[in-house]
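See below for entry17.txt, which holds compact mmCIF, C-alpha atoms.
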```txt
# COMPACT_ATOMS: atom_id res chain seq x y z
CA MET E 1029 -3.86 -1.66 -27.84
CA ARG E 1030 -5.38 -3.75 -25.07
CA PHE E 1031 -8.30 -1.46 -24.24
CA GLY E 1032 -11.40 -1.03 -26.39
CA GLN E 1033 -13.70 1.98 -26.40
CA ARG E 1034 -15.30 0.98 -23.11
CA GLY E 1035 -11.84 0.52 -21.64
CA ILE E 1036 -10.80 4.01 -22.70
CA ALA E 1037 -13.71 5.38 -20.68
CA VAL E 1038 -12.34 3.50 -17.64
CA LEU E 1039 -8.88 4.97 -18.24
CA ARG E 1040 -10.37 8.47 -18.41
CA GLN E 1041 -12.08 7.84 -15.07
CA ARG E 1042 -8.75 6.73 -13.58
CA LEU E 1043 -7.04 9.85 -14.88
CA ARG E 1044 -9.70 12.07 -13.37
CA ALA E 1045 -9.52 10.27 -10.03
CA PHE E 1046 -5.72 10.55 -10.05
CA ALA E 1047 -5.96 14.29 -10.65
CA GLU E 1048 -8.55 14.88 -7.96
CA LEU E 1049 -7.38 12.45 -5.27
CA GLU E 1050 -3.61 12.08 -5.72
CA ALA E 1051 -2.21 15.08 -7.58
CA ALA E 1052 -4.49 17.82 -6.22
CA ASP E 1053 -2.65 20.08 -3.76
CA VAL E 1054 0.51 18.00 -4.30
CA SER E 1055 1.48 18.35 -7.96
CA PRO E 1056 -0.20 21.20 -9.86
CA LEU E 1057 1.52 20.14 -13.08
CA TYR E 1058 0.37 16.53 -12.96
CA GLU E 1059 -3.08 17.58 -11.81
CA GLN E 1060 -3.42 19.70 -14.93
CA PHE E 1061 -2.05 17.03 -17.26
CA ALA E 1062 -4.20 14.26 -15.78
CA LEU E 1063 -7.36 16.37 -15.97
CA GLY E 1064 -6.51 17.30 -19.55
CA ALA E 1065 -5.96 13.66 -20.48
CA ALA E 1066 -9.21 12.67 -18.77
CA GLU E 1067 -11.06 15.01 -21.13
CA ASP E 1068 -9.06 13.99 -24.21
CA PRO E 1069 -9.79 10.51 -25.63
CA ASP E 1070 -6.72 10.59 -27.88
CA VAL E 1071 -4.29 11.17 -25.01
CA ALA E 1072 -6.11 8.81 -22.65
CA ALA E 1073 -5.95 6.12 -25.34
CA LEU E 1074 -2.15 6.11 -25.10
CA LEU E 1075 -2.49 4.51 -21.68
CA GLY E 1076 -4.47 1.72 -23.33
CA HIS E 1077 -1.20 0.19 -24.55
CA ALA E 1078 -0.32 -0.81 -20.98
CA ARG E 1079 -0.81 -4.24 -19.49
CA ASP E 1080 -4.06 -4.30 -17.53
CA GLU E 1081 -2.48 -4.14 -14.07
CA ALA E 1082 0.04 -1.50 -15.18
CA ALA E 1083 -2.48 0.92 -16.71
CA VAL E 1084 -2.25 3.61 -14.06
CA PRO E 1085 -2.18 7.35 -14.81
CA ALA E 1086 1.33 7.72 -13.37
CA LEU E 1087 2.61 5.48 -16.19
CA LEU E 1088 1.36 7.88 -18.87
CA LEU E 1089 3.03 10.78 -17.08
CA ALA E 1090 6.24 8.85 -16.51
CA ALA E 1091 6.48 7.94 -20.20
CA ALA E 1092 6.06 11.59 -21.14
CA HIS E 1093 8.65 12.60 -18.53
CA ARG E 1094 11.12 10.10 -20.02
CA LEU E 1095 10.67 11.52 -23.51
CA VAL E 1096 11.07 15.09 -22.28
CA GLN E 1097 14.27 13.94 -20.55
CA ALA E 1098 15.49 12.82 -23.98
CA GLU E 1099 14.61 16.20 -25.52
CA PRO E 1100 15.55 18.66 -22.75
CA PHE E 1101 15.49 21.66 -25.07
CA HIS E 1102 11.89 21.17 -26.14
CA GLU E 1103 9.60 24.01 -25.08
CA LEU E 1104 7.65 21.64 -22.82
CA SER E 1105 10.73 21.22 -20.60
CA SER E 1106 10.27 24.78 -19.35
CA TYR E 1107 7.31 23.40 -17.34
CA TYR E 1108 9.39 20.55 -15.87
CA PRO E 1109 11.31 21.64 -12.75
CA SER E 1110 13.05 18.27 -12.91
CA LEU E 1111 14.78 19.55 -16.04
CA GLY E 1112 15.38 23.09 -14.79
CA GLY E 1113 12.05 24.50 -15.95
CA THR E 1114 10.75 27.48 -14.03
CA CYS E 1115 7.26 27.96 -15.50
CA GLY E 1116 4.22 26.92 -13.51
CA PRO E 1117 1.19 25.36 -15.19
CA ASP E 1118 -0.63 27.86 -17.36
CA ALA E 1119 -2.84 28.03 -20.44
CA ARG E 1120 0.05 26.92 -22.64
CA SER E 1121 1.30 23.88 -20.72
CA TRP E 1122 -1.54 21.43 -21.44
CA PRO E 1123 -1.66 22.13 -25.23
CA LEU E 1124 2.12 21.68 -25.35
CA PHE E 1125 1.89 18.39 -23.45
CA ARG E 1126 -0.89 17.11 -25.69
CA GLU E 1127 0.99 18.00 -28.85
CA PHE E 1128 4.23 16.51 -27.53
CA VAL E 1129 2.82 13.09 -26.59
CA LEU E 1130 0.61 12.71 -29.66
CA GLU E 1131 3.47 13.58 -32.02
CA ARG E 1132 5.50 10.87 -30.30
CA SER E 1133 2.65 8.42 -29.96
CA GLU E 1134 4.71 5.43 -31.15
CA LYS E 1135 7.45 6.09 -28.60
CA MET E 1136 4.86 6.69 -25.91
CA ALA E 1137 3.08 3.44 -26.82
CA GLU E 1138 6.33 1.46 -26.66
CA LEU E 1139 7.24 2.80 -23.22
CA ILE E 1140 3.75 2.30 -21.86
CA ALA E 1141 3.52 -1.25 -23.25
CA THR E 1142 6.88 -2.38 -21.88
CA ARG E 1143 7.31 -0.51 -18.58
CA THR E 1144 5.65 -0.25 -15.20
CA VAL E 1145 5.83 2.55 -12.66
CA ARG E 1146 8.86 2.02 -10.43
CA THR E 1147 9.61 4.16 -7.41
CA ASN E 1148 12.27 4.02 -4.74
CA GLU E 1149 11.05 6.70 -2.33
CA VAL E 1150 14.17 7.58 -0.36
CA ARG E 1151 12.26 9.84 2.03
CA SER E 1152 10.34 6.89 3.48
CA ALA E 1153 13.59 5.73 5.10
CA ALA E 1154 12.79 8.35 7.76
CA LEU E 1155 9.68 6.33 8.62
CA LEU E 1156 11.45 2.98 8.72
CA TYR E 1157 14.52 4.11 10.66
CA PRO E 1158 12.97 4.34 14.18
CA ALA E 1159 11.63 0.78 13.97
CA VAL E 1160 14.75 -0.72 12.40
CA ALA E 1161 16.92 1.10 14.96
CA LEU E 1162 14.70 -0.17 17.79
CA ALA E 1163 15.17 -3.70 16.50
CA GLY E 1164 18.92 -3.05 16.43
CA LYS E 1165 18.76 -1.82 20.02
CA GLN E 1166 16.95 -4.97 21.09
CA VAL E 1167 19.57 -7.04 19.28
CA GLY E 1168 22.37 -5.14 20.98
CA GLY E 1169 24.65 -5.29 17.96
CA ALA E 1170 24.81 -5.46 14.19
CA ILE E 1171 21.86 -6.66 12.12
CA GLY E 1172 21.34 -8.09 8.68
CA LEU E 1173 18.78 -6.03 6.74
CA LEU E 1174 16.50 -7.56 4.12
CA GLU E 1175 14.10 -5.25 2.29
CA VAL E 1176 11.19 -6.80 0.44
CA GLY E 1177 10.02 -4.75 -2.55
CA THR E 1178 13.37 -3.03 -2.64
CA CYS E 1179 13.28 -1.65 -6.20
CA ALA E 1180 16.85 -0.27 -6.56
CA GLY E 1181 17.77 -1.01 -2.95
CA LEU E 1182 18.37 2.62 -1.98
CA ARG E 1183 16.59 2.37 1.39
CA LEU E 1184 18.97 -0.45 2.35
CA LEU E 1185 21.44 2.36 3.10
CA LEU E 1186 19.14 3.84 5.76
CA ASP E 1187 21.81 3.48 8.46
CA ARG E 1188 24.05 5.81 6.44
CA PHE E 1189 21.48 8.60 6.09
CA GLY E 1190 21.19 11.50 8.49
CA TYR E 1191 17.78 12.30 10.03
CA ARG E 1192 16.27 15.40 11.56
CA TYR E 1193 12.98 14.71 13.29
CA GLN E 1194 11.17 17.97 13.99
CA THR E 1195 9.14 17.96 17.21
CA GLU E 1196 6.83 20.56 18.68
CA GLY E 1197 8.31 20.75 22.16
CA SER E 1198 11.79 19.28 21.88
CA GLY E 1199 13.16 20.93 18.78
CA GLN E 1200 14.99 18.72 16.34
CA ILE E 1201 16.04 15.19 17.21
CA ILE E 1202 19.15 14.45 15.15
CA VAL E 1203 20.21 10.85 14.54
CA GLY E 1204 22.39 9.00 12.09
CA PRO E 1205 25.89 9.84 10.85
CA ALA E 1206 26.75 13.50 11.40
CA LYS E 1207 28.42 13.90 8.01
CA SER E 1208 26.07 11.90 5.83
CA PRO E 1209 25.74 13.26 2.27
CA LEU E 1210 22.00 12.63 2.48
CA GLY E 1211 19.80 14.23 5.13
CA LEU E 1212 16.10 13.58 5.61
CA HIS E 1213 13.58 15.67 7.51
CA CYS E 1214 10.43 14.30 9.12
CA VAL E 1215 7.84 15.69 11.51
CA LEU E 1216 7.67 13.61 14.70
CA ALA E 1217 4.53 14.12 16.75
CA ALA E 1218 3.04 12.16 19.63
CA ALA E 1219 -0.50 10.98 20.19
CA PRO E 1220 -2.25 12.61 23.18
CA GLY E 1221 -0.65 11.52 26.44
CA VAL E 1222 2.27 9.80 24.72
CA GLN E 1223 5.92 10.67 25.23
CA LEU E 1224 8.20 10.98 22.24
CA PRO E 1225 10.50 7.99 21.77
CA GLU E 1226 14.21 7.98 22.47
CA LEU E 1227 15.51 7.29 18.99
CA SER E 1228 18.74 5.34 18.67
CA ARG E 1229 21.49 7.57 17.39
CA LYS E 1230 23.29 4.80 15.55
CA LEU E 1231 22.42 1.63 13.71
CA ARG E 1232 24.88 -1.05 12.62
CA VAL E 1233 23.98 -2.91 9.44
CA ALA E 1234 26.46 -5.66 8.58
CA ALA E 1235 24.64 -7.15 5.56
CA ARG E 1236 22.15 -5.72 3.06
CA VAL E 1237 19.95 -7.78 0.76
CA GLY E 1238 17.02 -6.64 -1.35
CA LEU E 1239 14.20 -8.74 -2.83
CA ASP E 1240 12.06 -7.49 -5.69
CA ARG E 1241 10.12 -9.01 -8.56
CA ALA E 1242 12.20 -6.89 -10.96
CA PRO E 1243 15.15 -5.20 -9.21
CA VAL E 1244 16.41 -1.95 -10.70
CA ASP E 1245 20.13 -1.56 -11.33
CA ALA E 1246 20.83 2.06 -10.37
CA THR E 1247 24.18 1.89 -12.17
CA ASP E 1248 22.48 1.16 -15.49
CA LEU E 1249 21.86 4.52 -17.19
CA GLU E 1250 18.60 3.57 -18.89
CA GLN E 1251 17.15 1.82 -15.85
CA PHE E 1252 18.01 4.77 -13.63
CA ALA E 1253 16.62 7.25 -16.16
CA TRP E 1254 13.29 5.41 -16.00
CA LEU E 1255 13.41 5.48 -12.22
CA GLU E 1256 13.91 9.25 -12.44
CA ALA E 1257 11.09 9.56 -14.96
CA CYS E 1258 8.70 7.92 -12.49
CA VAL E 1259 9.32 10.74 -10.02
CA TRP E 1260 6.78 13.50 -10.51
CA ALA E 1261 8.39 16.20 -12.61
CA ASP E 1262 7.51 19.12 -10.34
CA GLN E 1263 9.07 17.48 -7.26
CA PRO E 1264 12.80 18.04 -7.92
CA GLU E 1265 13.77 17.47 -4.28
CA ARG E 1266 12.72 13.83 -4.61
CA LEU E 1267 14.93 13.56 -7.68
CA ARG E 1268 17.87 15.09 -5.84
CA LEU E 1269 17.57 12.60 -2.99
CA LEU E 1270 17.26 9.75 -5.48
CA GLY E 1271 20.50 10.79 -7.15
CA VAL E 1272 22.40 11.25 -3.90
CA ALA E 1273 21.32 7.83 -2.60
CA ALA E 1274 22.29 6.19 -5.89
CA ARG E 1275 25.76 7.73 -5.70
CA MET E 1276 26.12 6.52 -2.10
CA GLN E 1277 25.25 3.03 -3.26
CA THR E 1278 28.13 2.83 -5.73
CA GLY E 1279 30.61 2.29 -2.92
CA ASP E 1280 28.41 -0.06 -0.91
CA ARG E 1281 26.13 -1.95 -3.27
CA PRO E 1282 23.68 -4.33 -1.62
CA GLU E 1283 22.83 -7.67 -3.12
CA LEU E 1284 19.55 -7.45 -5.04
CA LEU E 1285 17.64 -10.62 -5.86
CA ALA E 1286 14.74 -11.14 -8.25
CA GLY E 1287 11.86 -13.01 -6.70
CA ASP E 1288 8.34 -13.05 -5.37
CA PRO E 1289 7.78 -11.53 -1.89
CA VAL E 1290 6.49 -14.87 -0.60
CA ASP E 1291 8.16 -17.57 -2.67
CA GLY E 1292 11.53 -15.78 -2.78
CA LEU E 1293 11.68 -14.74 0.88
CA ALA E 1294 13.53 -17.77 2.27
CA ALA E 1295 16.20 -17.68 -0.44
CA ALA E 1296 16.76 -13.95 0.09
CA ALA E 1297 17.01 -14.43 3.85
CA GLY E 1298 19.57 -17.14 3.20
CA ARG E 1299 21.85 -14.54 1.67
CA VAL E 1300 22.11 -12.80 5.05
CA PRO E 1301 24.77 -14.55 7.18
CA SER E 1302 23.11 -16.85 9.68
CA GLY E 1303 25.06 -15.34 12.57
CA LEU E 1304 23.30 -11.99 12.12
CA PRO E 1305 19.87 -11.25 13.59
CA LEU E 1306 17.61 -10.63 10.62
CA VAL E 1307 15.44 -7.54 10.18
CA VAL E 1308 12.96 -7.80 7.30
CA ALA E 1309 11.47 -4.48 6.18
CA ASN E 1310 8.77 -3.58 3.69
CA SER E 1311 7.08 -0.33 2.78
CA ASP E 1312 4.06 0.02 0.49
CA VAL E 1313 4.45 -3.55 -0.73
CA ALA E 1314 1.88 -5.66 1.11
CA THR E 1315 -0.93 -3.33 0.02
CA ARG E 1316 -0.42 -4.69 -3.51
CA LEU E 1317 -0.75 -8.31 -2.44
CA THR E 1318 -4.01 -10.21 -2.27
CA GLU E 1319 -5.44 -11.13 1.12
CA GLU E 1320 -4.23 -14.70 0.65
CA GLN E 1321 -0.75 -13.55 -0.37
CA ARG E 1322 -0.50 -11.30 2.69
CA ALA E 1323 -1.35 -14.23 4.94
CA ASP E 1324 1.27 -16.35 3.15
CA TYR E 1325 3.84 -13.58 3.58
CA VAL E 1326 3.27 -13.38 7.34
CA HIS E 1327 3.39 -17.17 7.55
CA ALA E 1328 6.72 -17.16 5.65
CA LEU E 1329 8.11 -14.62 8.13
CA ALA E 1330 7.00 -16.76 11.06
CA SER E 1331 8.66 -19.80 9.49
CA LEU E 1332 11.95 -17.91 9.16
CA ALA E 1333 11.61 -16.71 12.77
CA ALA E 1334 11.53 -20.34 13.88
CA GLU E 1335 15.01 -20.79 12.42
CA ARG E 1336 16.78 -17.55 13.45
CA PRO E 1337 16.18 -14.34 15.42
CA LEU E 1338 13.94 -12.19 13.23
CA TRP E 1339 12.28 -8.78 13.47
CA TRP E 1340 9.72 -7.57 10.95
CA VAL E 1341 9.37 -3.85 10.26
CA SER E 1342 6.49 -2.67 8.09
CA ASP E 1343 5.16 0.66 6.95
CA GLU E 1344 1.84 -0.29 5.42
CA SER E 1345 -1.85 0.15 6.00
CA TYR E 1346 -3.09 -1.78 9.04
CA HIS E 1347 -4.98 -4.39 7.01
CA SER E 1348 -1.89 -5.22 4.95
CA GLY E 1349 -0.54 -7.83 7.33
CA LEU E 1350 -0.09 -6.19 10.72
CA ASP E 1351 -3.71 -7.04 11.50
CA LEU E 1352 -2.82 -10.74 11.32
CA VAL E 1353 -0.36 -10.52 14.24
CA LEU E 1354 -1.98 -7.58 16.04
CA PRO E 1355 -5.73 -8.13 15.66
CA GLY E 1356 -8.54 -5.96 16.94
CA ARG E 1357 -6.88 -2.59 16.38
CA GLU E 1358 -9.48 -0.87 14.24
CA ASP E 1359 -8.24 2.40 15.74
CA LEU E 1360 -5.29 2.03 13.33
CA VAL E 1361 -7.53 2.21 10.26
CA PRO E 1362 -7.35 5.76 8.83
CA ARG E 1363 -10.48 7.84 8.85
CA ARG E 1364 -11.60 9.99 5.94
CA GLY E 1365 -9.36 13.03 5.67
CA ASP E 1366 -6.70 11.46 7.89
CA SER E 1367 -3.22 12.42 6.62
CA ALA E 1368 -1.64 9.39 8.32
CA ALA E 1369 -2.50 6.48 6.06
CA GLY E 1370 0.03 3.91 7.23
CA VAL E 1371 1.19 2.21 10.42
CA LEU E 1372 4.78 1.60 11.45
CA GLY E 1373 4.83 -1.90 12.89
CA LEU E 1374 7.52 -3.90 14.65
CA VAL E 1375 7.09 -7.63 15.20
CA HIS E 1376 9.47 -10.06 16.91
CA TRP E 1377 8.76 -13.77 17.29
CA VAL E 1378 9.58 -15.32 20.67
CA ASP E 1379 9.06 -19.08 21.15
CA GLY E 1380 7.00 -19.15 17.98
CA ARG E 1381 4.62 -16.37 19.05
CA PRO E 1382 4.63 -12.87 17.58
CA ARG E 1383 5.16 -9.88 19.84
CA ALA E 1384 3.71 -7.08 17.75
CA GLN E 1385 3.72 -3.34 18.29
CA ALA E 1386 2.12 -0.51 16.39
CA LEU E 1387 4.76 2.16 16.91
CA ALA E 1388 3.42 5.10 14.93
CA ARG E 1389 1.03 6.35 12.32
CA THR E 1390 2.86 7.33 9.15
CA GLY E 1391 2.21 9.94 6.50
CA SER E 1392 3.00 9.38 2.87
CA HIS E 1393 6.51 9.80 1.48
CA GLY E 1394 8.27 10.00 4.84
CA GLN E 1395 6.94 13.37 5.86
CA ARG E 1396 5.29 12.61 9.22
CA LEU E 1397 5.28 10.18 12.14
CA GLU E 1398 2.78 10.22 15.01
CA TRP E 1399 4.04 8.07 17.87
CA LEU E 1400 1.44 5.83 19.50
CA PRO E 1401 1.01 4.40 22.99
CA ILE E 1402 2.51 0.94 23.34
CA GLU E 1403 -0.24 -1.57 24.07
```
For this file, produce the structure as structure tokens.
Amino acid sequence: MRFGQRGIAVLRQRLRAFAELEAADVSPLYEQFALGAAEDPDVAALLGHARDEAAVPALLLAAAHRLVQAEPFHELSSYYPSLGGTCGPDARSWPLFREFVLERSEKMAELIATRTVRTNEVRSAALLYPAVALAGKQVGGAIGLLEVGTCAGLRLLLDRFGYRYQTEGSGQIIVGPAKSPLGLHCVLAAAPGVQLPELSRKLRVAARVGLDRAPVDATDLEQFAWLEACVWADQPERLRLLGVAARMQTGDRPELLAGDPVDGLAAAAGRVPSGLPLVVANSDVATRLTEEQRADYVHALASLAAERPLWWVSDESYHSGLDLVLPGREDLVPRRGDSAAGVLGLVHWVDGRPRAQALARTGSHGQRLEWLPIE
């Protein structure tokens, strides 16, 4: 175990913060389990087997989810909607969870020591689509799509998903293939005095490449099972979308490359045919880079843009790179209690200079877009 007694106290604080700030009002089951673990040194200590940077509460819960997957007839599974359970959290669920993980402490320790939390949030494609489609419209033809931090590469199929953007005054805006097996819903609002955008109905993607430090092979049963285990167990709709996207990928698998977001960017871009305008997309990736790494990432994008037409689409917090090409926009920094934590940015380099736009504020997990005035 990598954490001593003082470290266990830190892990308990993380578990409590996770319950109160992330799971509350979103996942009643994980809120209960995280609060229980925060008060239980024995359960919290299981997380101490993780590598320092990987020791996040979601890893403990994912490891338990994976073991319940392997024992779907255990009584605890009745509290896991992901496995068909229909019971909500009650006085029995936490004691069952505690007993389950402690009885399997060696298996829990092995998973926690060797895995990290991996997510491929399919719903966030609804946030990326308007910007990628706008880049495609500016191109006037097919694009090559490169996703940085791609995980299993499922969002690289975003042109094949169907989208329904719900507006207040204009009903639903429907874009994408009419008969797509995967449909995504997203609220589309407009800032005061701003007109809703005209979203492109179609997007042509002629090449798909993904870059990730450790790409996930969705066709590998164990790798995909872990990807499923990292989805919160009482959010079965996310699991359903994950499975549908993975099945869609089997007939159109993108090329996934292992590499660093900065050092591996040029090589990954080189896998997209040079005759295609390149659109580089990232979502919830730059926030995990250091300030220096974010600057290097933007510099690497600019260097690529000097060699070929390039558009950069990002769904990140403002200070995760967009601020370097669109400075002085502190209005894009979320305020306390603001449900829109990210910014959808679109950047195109012309004659070596970035033309950057903040298109919309974004909510987590692809649930909401608020269109902004173009400045």
Between segment 1184-1267 of chain E and segment 1135-1146 of chain E, at 8 Å or less, what are the per-residue closest atom pairs and their distances in Å? Count only C-alpha atoms, order by chain and rising residue number, and return it as JSON lines.
```
{"residue": "E:Trp1254", "atom": "CA", "partner": "E:Arg1146", "partner_atom": "CA", "distance": 7.9}
{"residue": "E:Leu1255", "atom": "CA", "partner": "E:Arg1146", "partner_atom": "CA", "distance": 6.0}
{"residue": "E:Cys1258", "atom": "CA", "partner": "E:Val1145", "partner_atom": "CA", "distance": 6.1}
```
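Take atom CA of Asp1080 of chain E and atom CA of Arg1040 of chain E: the distance between them is 14.3 Å.
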Ala1334 of chain E environment, 8 Å, only C-alpha atoms, sequence neighbours closer than 2 positions dropped, as a list of chain:residue names =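 Neighbouring residues, sequence-local ones excluded: E:Ala1330, E:Ser1331, E:Leu1332, E:Arg1336, E:Pro1337, E:Trp1377, E:Asp1379, E:Gly1380.
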Closest-contact table, segment 1179-1211 of chain E side, partner segment 1159-1173 of chain E, 10 Å, counting all atoms listed in the file, as a Markdown table:
```
| residue | atom | partner | partner_atom | distance |
| --- | --- | --- | --- | --- |
| E:Leu1184 | CA | E:Leu1173 | CA | 7.1 |
| E:Leu1185 | CA | E:Leu1173 | CA | 9.5 |
| E:Leu1186 | CA | E:Val1160 | CA | 9.2 |
| E:Asp1187 | CA | E:Ala1161 | CA | 8.5 |
```
Nearest to Asp1070 of chain E by atom-to-atom distance, counting all atoms listed in the file, from E:Val1233, E:Ala1242, E:Leu1039, E:Ala1323 |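 Comparing E:Val1233, E:Ala1242, E:Leu1039, E:Ala1323 against Asp1070 of chain E, the winner is E:Leu1039.
Residue nearest Glu1265 of chain E within the list E:Glu1134, E:Glu1149, E:Glu1059, E:Glu1081: E:Glu1149 [criterion: smallest interatomic distance, all atoms listed in the file].
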Neighbour list for segment 1102-1111 of chain E as JSON, numbers by chain, cut-off 7 Å, all atoms listed in the file, skip fewer than 5 positions in-chain | {"E": [1096, 1116, 1117, 1121, 1124, 1125, 1261, 1262, 1263, 1264]}
Got a sec: who's within 8 Å of segment 1194-1198 of chain E, counting only C-alpha atoms, leaving out chain neighbours fewer than 5 positions off, as an MDAnalysis selection string?
-> chainID E and resid 1213:1217
Might you pull out every residue within 12 Å of segment 1291-1304 of chain E, with all atoms listed in the file counted and same-chain residues fewer than 4 positions away left off, and present them as an mmCIF file with C-alpha atoms, keeping the file's coordinate frame?
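And here is the file that came out, selection34.cif:
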```cif
data_model
loop_
_atom_site.group_PDB
_atom_site.id
_atom_site.type_symbol
_atom_site.label_atom_id
_atom_site.label_comp_id
_atom_site.auth_asym_id
_atom_site.auth_seq_id
_atom_site.Cartn_x
_atom_site.Cartn_y
_atom_site.Cartn_z
ATOM 1 C CA GLY E 1164 18.920 -3.050 16.430
ATOM 2 C CA VAL E 1167 19.570 -7.040 19.280
ATOM 3 C CA GLY E 1168 22.370 -5.140 20.980
ATOM 4 C CA GLY E 1169 24.650 -5.290 17.960
ATOM 5 C CA ALA E 1170 24.810 -5.460 14.190
ATOM 6 C CA ILE E 1171 21.860 -6.660 12.120
ATOM 7 C CA GLY E 1172 21.340 -8.090 8.680
ATOM 8 C CA LEU E 1173 18.780 -6.030 6.740
ATOM 9 C CA LEU E 1174 16.500 -7.560 4.120
ATOM 10 C CA GLU E 1175 14.100 -5.250 2.290
ATOM 11 C CA VAL E 1176 11.190 -6.800 0.440
ATOM 12 C CA GLY E 1177 10.020 -4.750 -2.550
ATOM 13 C CA THR E 1178 13.370 -3.030 -2.640
ATOM 14 C CA ARG E 1232 24.880 -1.050 12.620
ATOM 15 C CA VAL E 1233 23.980 -2.910 9.440
ATOM 16 C CA ALA E 1234 26.460 -5.660 8.580
ATOM 17 C CA ALA E 1235 24.640 -7.150 5.560
ATOM 18 C CA ARG E 1236 22.150 -5.720 3.060
ATOM 19 C CA VAL E 1237 19.950 -7.780 0.760
ATOM 20 C CA GLY E 1238 17.020 -6.640 -1.350
ATOM 21 C CA LEU E 1239 14.200 -8.740 -2.830
ATOM 22 C CA ASP E 1240 12.060 -7.490 -5.690
ATOM 23 C CA ARG E 1241 10.120 -9.010 -8.560
ATOM 24 C CA PRO E 1282 23.680 -4.330 -1.620
ATOM 25 C CA GLU E 1283 22.830 -7.670 -3.120
ATOM 26 C CA LEU E 1284 19.550 -7.450 -5.040
ATOM 27 C CA LEU E 1285 17.640 -10.620 -5.860
ATOM 28 C CA ALA E 1286 14.740 -11.140 -8.250
ATOM 29 C CA GLY E 1287 11.860 -13.010 -6.700
ATOM 30 C CA VAL E 1308 12.960 -7.800 7.300
ATOM 31 C CA ALA E 1309 11.470 -4.480 6.180
ATOM 32 C CA ASN E 1310 8.770 -3.580 3.690
ATOM 33 C CA GLN E 1321 -0.750 -13.550 -0.370
ATOM 34 C CA ARG E 1322 -0.500 -11.300 2.690
ATOM 35 C CA ASP E 1324 1.270 -16.350 3.150
ATOM 36 C CA TYR E 1325 3.840 -13.580 3.580
ATOM 37 C CA VAL E 1326 3.270 -13.380 7.340
ATOM 38 C CA HIS E 1327 3.390 -17.170 7.550
ATOM 39 C CA ALA E 1328 6.720 -17.160 5.650
ATOM 40 C CA LEU E 1329 8.110 -14.620 8.130
ATOM 41 C CA ALA E 1330 7.000 -16.760 11.060
ATOM 42 C CA SER E 1331 8.660 -19.800 9.490
ATOM 43 C CA LEU E 1332 11.950 -17.910 9.160
ATOM 44 C CA ALA E 1333 11.610 -16.710 12.770
ATOM 45 C CA GLU E 1335 15.010 -20.790 12.420
ATOM 46 C CA ARG E 1336 16.780 -17.550 13.450
ATOM 47 C CA PRO E 1337 16.180 -14.340 15.420
ATOM 48 C CA LEU E 1338 13.940 -12.190 13.230
ATOM 49 C CA TRP E 1339 12.280 -8.780 13.470
#
```
Using only C-alpha atoms, which residues sit within 7 Å of Gln1041 of chain E once same-chain residues fewer than 4 positions away are excluded, as a PyMOL selection string?
-> chain E and resi 1037+1045+1066
